[in-house]
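**Student:** Let me begin by handing over the structure; questions about it come next.
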Amino acid sequence: MLKFNHVSFAYDKKPVLVDFSMELVPCERLAVMGPSGCGKSTLLHLAAGLLTPTAGNIDSDFLPPAVAFQEPRLFGHLTVKQNLLAVQKKPDEKAVARVLELVQLQDEIDAYPDELSGGMQSRVSLARALLFESDLYLFDEPFAALDEATRKTVLENVKAFLTEKNAAAILVTHQHEDAEAFATRRLTLSAD
């Protein structure tokens, strides 16, 4: 279980989350929605341990989480395949091929990031997160840059992957359709 206990967080004394509590149980898929600036990405960074609460605490029984950030953060000097192999403890080319199929990029395995569109780079970042061995996956708008048909297919593939792994996930999204299709529960944050 991941548990936020009365968590507050501020950037330069500007509060983003105030006295926020929530729980995420194993195998649950939570969609976090709300207007820009309401703390969705901050919540994800806190869950990932990349930020420390200014008040309250976060407890987790999960393994270290896999994270797909809003920006792809790929290694520009490495091919798609090399970017994916970089996160594995033991190189597993079959696993790389499988996740590339899930995100519909199997034909781009030898491409470099600058040869890919923004949506393709986002999918490589998503594939890299899926390769990370965890039981908790944190996704920050990974489907936002995708066309509608690709978005629906990749979202369903990722959902099936998480179900197969009995993994929990938090998806930050602005898309109501994505939240509806992906989540077992939704959480809407407000800007106030």
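Within each chain, counting starts at residue 1; across the structure tokens, chains are named A, B, ... in the order shown, with ligands numbered 1 upward in that order.
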Got a sec to tell me which of region 1-181 of chain A DSSP assigns to strand (DSSP E or B), as a PDB file with N, CA and C atoms, in the first residue's frame?

**Tutor:**
ATOM      1  N   LEU A   2       0.436   2.259  -0.728  1.00  0.00           N
ATOM      2  CA  LEU A   2       1.054   3.576  -0.718  1.00  0.00           C
ATOM      3  C   LEU A   2       0.111   4.490   0.038  1.00  0.00           C
ATOM      4  N   LYS A   3       0.637   5.173   1.044  1.00  0.00           N
ATOM      5  CA  LYS A   3      -0.236   5.991   1.888  1.00  0.00           C
ATOM      6  C   LYS A   3       0.360   7.385   2.086  1.00  0.00           C
ATOM      7  N   PHE A   4      -0.419   8.399   1.687  1.00  0.00           N
ATOM      8  CA  PHE A   4      -0.083   9.795   1.969  1.00  0.00           C
ATOM      9  C   PHE A   4      -0.805  10.170   3.253  1.00  0.00           C
ATOM     10  N   ASN A   5      -0.052  10.559   4.272  1.00  0.00           N
ATOM     11  CA  ASN A   5      -0.631  10.903   5.574  1.00  0.00           C
ATOM     12  C   ASN A   5      -0.519  12.409   5.821  1.00  0.00           C
ATOM     13  N   HIS A   6      -1.597  13.146   5.581  1.00  0.00           N
ATOM     14  CA  HIS A   6      -1.639  14.597   5.837  1.00  0.00           C
ATOM     15  C   HIS A   6      -0.427  15.301   5.231  1.00  0.00           C
ATOM     16  N   VAL A   7      -0.198  15.025   3.954  1.00  0.00           N
ATOM     17  CA  VAL A   7       0.982  15.548   3.259  1.00  0.00           C
ATOM     18  C   VAL A   7       0.733  16.966   2.755  1.00  0.00           C
ATOM     19  N   SER A   8       1.707  17.831   3.001  1.00  0.00           N
ATOM     20  CA  SER A   8       1.710  19.179   2.422  1.00  0.00           C
ATOM     21  C   SER A   8       3.019  19.358   1.667  1.00  0.00           C
ATOM     22  N   PHE A   9       2.951  20.159   0.609  1.00  0.00           N
ATOM     23  CA  PHE A   9       4.158  20.472  -0.153  1.00  0.00           C
ATOM     24  C   PHE A   9       4.014  21.853  -0.743  1.00  0.00           C
ATOM     25  N   ALA A  10       5.118  22.618  -0.716  1.00  0.00           N
ATOM     26  CA  ALA A  10       5.116  23.969  -1.261  1.00  0.00           C
ATOM     27  C   ALA A  10       6.374  24.192  -2.086  1.00  0.00           C
ATOM     28  N   TYR A  11       6.239  24.962  -3.155  1.00  0.00           N
ATOM     29  CA  TYR A  11       7.378  25.430  -3.947  1.00  0.00           C
ATOM     30  C   TYR A  11       7.602  26.886  -3.575  1.00  0.00           C
ATOM     31  N   LYS A  14       4.965  28.605  -1.792  1.00  0.00           N
ATOM     32  CA  LYS A  14       3.643  28.603  -2.426  1.00  0.00           C
ATOM     33  C   LYS A  14       3.068  27.193  -2.298  1.00  0.00           C
ATOM     34  N   PRO A  15       2.009  27.015  -1.471  1.00  0.00           N
ATOM     35  CA  PRO A  15       1.459  25.684  -1.249  1.00  0.00           C
ATOM     36  C   PRO A  15       0.894  25.063  -2.532  1.00  0.00           C
ATOM     37  N   VAL A  16       1.203  23.794  -2.734  1.00  0.00           N
ATOM     38  CA  VAL A  16       0.654  23.058  -3.871  1.00  0.00           C
ATOM     39  C   VAL A  16      -0.296  21.972  -3.357  1.00  0.00           C
ATOM     40  N   LEU A  17       0.160  21.196  -2.393  1.00  0.00           N
ATOM     41  CA  LEU A  17      -0.701  20.231  -1.706  1.00  0.00           C
ATOM     42  C   LEU A  17      -0.771  20.628  -0.237  1.00  0.00           C
ATOM     43  N   VAL A  18      -1.965  20.600   0.346  1.00  0.00           N
ATOM     44  CA  VAL A  18      -2.140  20.982   1.747  1.00  0.00           C
ATOM     45  C   VAL A  18      -2.945  19.900   2.465  1.00  0.00           C
ATOM     46  N   ASP A  19      -2.334  19.302   3.497  1.00  0.00           N
ATOM     47  CA  ASP A  19      -3.003  18.302   4.339  1.00  0.00           C
ATOM     48  C   ASP A  19      -3.698  17.227   3.491  1.00  0.00           C
ATOM     49  N   PHE A  20      -2.941  16.692   2.549  1.00  0.00           N
ATOM     50  CA  PHE A  20      -3.481  15.736   1.571  1.00  0.00           C
ATOM     51  C   PHE A  20      -3.270  14.301   2.052  1.00  0.00           C
ATOM     52  N   SER A  21      -4.327  13.514   2.059  1.00  0.00           N
ATOM     53  CA  SER A  21      -4.242  12.104   2.448  1.00  0.00           C
ATOM     54  C   SER A  21      -4.898  11.237   1.377  1.00  0.00           C
ATOM     55  N   MET A  22      -4.291  10.093   1.122  1.00  0.00           N
ATOM     56  CA  MET A  22      -4.870   9.124   0.188  1.00  0.00           C
ATOM     57  C   MET A  22      -4.162   7.786   0.359  1.00  0.00           C
ATOM     58  N   GLU A  23      -4.796   6.738  -0.159  1.00  0.00           N
ATOM     59  CA  GLU A  23      -4.196   5.408  -0.154  1.00  0.00           C
ATOM     60  C   GLU A  23      -4.323   4.795  -1.540  1.00  0.00           C
ATOM     61  N   LEU A  24      -3.303   4.037  -1.912  1.00  0.00           N
ATOM     62  CA  LEU A  24      -3.329   3.259  -3.147  1.00  0.00           C
ATOM     63  C   LEU A  24      -3.006   1.821  -2.763  1.00  0.00           C
ATOM     64  N   ARG A  29      -5.558   0.966 -10.029  1.00  0.00           N
ATOM     65  CA  ARG A  29      -5.106   1.936 -11.019  1.00  0.00           C
ATOM     66  C   ARG A  29      -5.853   3.246 -10.758  1.00  0.00           C
ATOM     67  N   LEU A  30      -5.126   4.244 -10.297  1.00  0.00           N
ATOM     68  CA  LEU A  30      -5.711   5.530  -9.920  1.00  0.00           C
ATOM     69  C   LEU A  30      -5.413   6.563 -10.997  1.00  0.00           C
ATOM     70  N   ALA A  31      -6.449   7.253 -11.477  1.00  0.00           N
ATOM     71  CA  ALA A  31      -6.266   8.378 -12.389  1.00  0.00           C
ATOM     72  C   ALA A  31      -6.393   9.656 -11.576  1.00  0.00           C
ATOM     73  N   VAL A  32      -5.400  10.529 -11.700  1.00  0.00           N
ATOM     74  CA  VAL A  32      -5.409  11.816 -10.999  1.00  0.00           C
ATOM     75  C   VAL A  32      -5.642  12.900 -12.040  1.00  0.00           C
ATOM     76  N   MET A  33      -6.699  13.683 -11.799  1.00  0.00           N
ATOM     77  CA  MET A  33      -7.079  14.730 -12.738  1.00  0.00           C
ATOM     78  C   MET A  33      -7.183  16.069 -12.013  1.00  0.00           C
ATOM     79  N   ALA A  55       5.324  18.744   5.085  1.00  0.00           N
ATOM     80  CA  ALA A  55       4.630  18.286   6.301  1.00  0.00           C
ATOM     81  C   ALA A  55       3.980  16.944   5.980  1.00  0.00           C
ATOM     82  N   GLY A  56       3.728  16.161   7.020  1.00  0.00           N
ATOM     83  CA  GLY A  56       3.129  14.847   6.832  1.00  0.00           C
ATOM     84  C   GLY A  56       4.165  13.837   6.371  1.00  0.00           C
ATOM     85  N   ASN A  57       3.701  12.638   6.048  1.00  0.00           N
ATOM     86  CA  ASN A  57       4.638  11.616   5.577  1.00  0.00           C
ATOM     87  C   ASN A  57       3.970  10.678   4.579  1.00  0.00           C
ATOM     88  N   ILE A  58       4.821   9.938   3.875  1.00  0.00           N
ATOM     89  CA  ILE A  58       4.363   8.983   2.864  1.00  0.00           C
ATOM     90  C   ILE A  58       4.956   7.627   3.210  1.00  0.00           C
ATOM     91  N   ASP A  59       4.093   6.626   3.332  1.00  0.00           N
ATOM     92  CA  ASP A  59       4.528   5.250   3.600  1.00  0.00           C
ATOM     93  C   ASP A  59       4.223   4.396   2.377  1.00  0.00           C
ATOM     94  N   SER A  60       5.134   3.470   2.079  1.00  0.00           N
ATOM     95  CA  SER A  60       4.903   2.589   0.945  1.00  0.00           C
ATOM     96  C   SER A  60       5.459   1.203   1.208  1.00  0.00           C
ATOM     97  N   ALA A  66       8.397   2.595 -10.898  1.00  0.00           N
ATOM     98  CA  ALA A  66       8.813   2.926 -12.262  1.00  0.00           C
ATOM     99  C   ALA A  66       8.078   4.205 -12.641  1.00  0.00           C
ATOM    100  N   VAL A  67       8.781   5.136 -13.281  1.00  0.00           N
ATOM    101  CA  VAL A  67       8.183   6.434 -13.585  1.00  0.00           C
ATOM    102  C   VAL A  67       8.342   6.772 -15.065  1.00  0.00           C
ATOM    103  N   ALA A  68       7.260   7.201 -15.686  1.00  0.00           N
ATOM    104  CA  ALA A  68       7.296   7.790 -17.028  1.00  0.00           C
ATOM    105  C   ALA A  68       6.953   9.264 -16.848  1.00  0.00           C
ATOM    106  N   LEU A 136       4.675  -0.914  -8.795  1.00  0.00           N
ATOM    107  CA  LEU A 136       4.029   0.399  -8.781  1.00  0.00           C
ATOM    108  C   LEU A 136       4.566   1.217  -9.953  1.00  0.00           C
ATOM    109  N   TYR A 137       3.651   1.674 -10.805  1.00  0.00           N
ATOM    110  CA  TYR A 137       4.022   2.438 -11.987  1.00  0.00           C
ATOM    111  C   TYR A 137       3.370   3.817 -11.913  1.00  0.00           C
ATOM    112  N   LEU A 138       4.181   4.842 -12.157  1.00  0.00           N
ATOM    113  CA  LEU A 138       3.725   6.227 -12.069  1.00  0.00           C
ATOM    114  C   LEU A 138       3.852   6.865 -13.448  1.00  0.00           C
ATOM    115  N   PHE A 139       2.735   7.311 -13.996  1.00  0.00           N
ATOM    116  CA  PHE A 139       2.697   7.831 -15.365  1.00  0.00           C
ATOM    117  C   PHE A 139       2.216   9.276 -15.366  1.00  0.00           C
ATOM    118  N   ASP A 140       3.040  10.184 -15.902  1.00  0.00           N
ATOM    119  CA  ASP A 140       2.672  11.599 -15.978  1.00  0.00           C
ATOM    120  C   ASP A 140       2.315  11.950 -17.426  1.00  0.00           C
ATOM    121  N   ALA A 168       0.155  -1.937  -9.341  1.00  0.00           N
ATOM    122  CA  ALA A 168      -0.643  -0.726  -9.117  1.00  0.00           C
ATOM    123  C   ALA A 168      -0.073   0.393  -9.988  1.00  0.00           C
ATOM    124  N   ALA A 169      -0.898   1.406 -10.236  1.00  0.00           N
ATOM    125  CA  ALA A 169      -0.437   2.525 -11.054  1.00  0.00           C
ATOM    126  C   ALA A 169      -1.174   3.798 -10.687  1.00  0.00           C
ATOM    127  N   ILE A 170      -0.468   4.916 -10.888  1.00  0.00           N
ATOM    128  CA  ILE A 170      -1.096   6.235 -10.811  1.00  0.00           C
ATOM    129  C   ILE A 170      -0.870   6.899 -12.163  1.00  0.00           C
ATOM    130  N   LEU A 171      -1.954   7.325 -12.786  1.00  0.00           N
ATOM    131  CA  LEU A 171      -1.902   8.008 -14.068  1.00  0.00           C
ATOM    132  C   LEU A 171      -2.359   9.444 -13.886  1.00  0.00           C
ATOM    133  N   VAL A 172      -1.482  10.396 -14.190  1.00  0.00           N
ATOM    134  CA  VAL A 172      -1.868  11.802 -14.226  1.00  0.00           C
ATOM    135  C   VAL A 172      -2.313  12.097 -15.650  1.00  0.00           C
TER     136      VAL A 172
END

**Student:** Can you list, as a PyMOL selection string, all residues belonging to region 7-187 of chain A that DSSP tags as helix (DSSP H, G or I)?

**Tutor:** chain A and resi 40-47+80-85+93-102+106-108+113-115+118-131+148-165+176-182

**Student:** A:Glu101, A:Asp12, A:Glu93, A:Asp135: which is nearest Thr163 (chain A), counting only C-alpha atoms?

**Tutor:**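 For Thr163 (chain A), the nearest of the given residues is A:Asp135.
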
**Student:** Give me, as a PDB file with C-alpha atoms, in the first residue's frame, all polymer residues having an atom no more than 9 Å from Val154 (chain A), counting only C-alpha atoms and skipping those fewer than 5 positions away in the same chain.

**Tutor:**
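So the final result, stored in selection36.pdb, reads:
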ATOM      1  CA  LEU A 102       2.920  -2.771 -26.467  1.00  0.00           C
ATOM      2  CA  VAL A 103       3.651   0.852 -27.371  1.00  0.00           C
ATOM      3  CA  GLN A 104       3.583   0.129 -31.120  1.00  0.00           C
ATOM      4  CA  ARG A 123       6.135   6.011 -26.055  1.00  0.00           C
ATOM      5  CA  PHE A 143      -0.580   9.382 -23.746  1.00  0.00           C
ATOM      6  CA  ALA A 149      -6.191   5.649 -32.310  1.00  0.00           C
ATOM      7  CA  LYS A 159      -3.591  -1.641 -18.733  1.00  0.00           C
TER       8      LYS A 159
END

**Student:** Pick out the closest residue to Ala129 (chain A) from this set: A:Leu84, A:Gly76, A:Ala144, A:Ala95. Count only C-alpha atoms.

**Tutor:**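 Checking each of A:Leu84, A:Gly76, A:Ala144, A:Ala95 against Ala129 (chain A), counting only C-alpha atoms, the winner is A:Leu84.
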
**Student:** Identify, on the basis of only C-alpha atoms, every residue whose closest approach to Leu85 (chain A) does not exceed 12 Å; exclude the query and any residue fewer than 2 positions from it along the same chain; express the result as a PyMOL selection string.

**Tutor:** chain A and resi 75+78-83+87-97+99-100+109+124+127-132

**Student:** Counting only C-alpha atoms, figure out which residue out of A:Ser122, A:Leu155, A:Asp107, A:Phe161 gets nearest to Ala179 (chain A).

**Tutor:**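 Ranking A:Ser122, A:Leu155, A:Asp107, A:Phe161 by distance to Ala179 (chain A), first place goes to A:Leu155.
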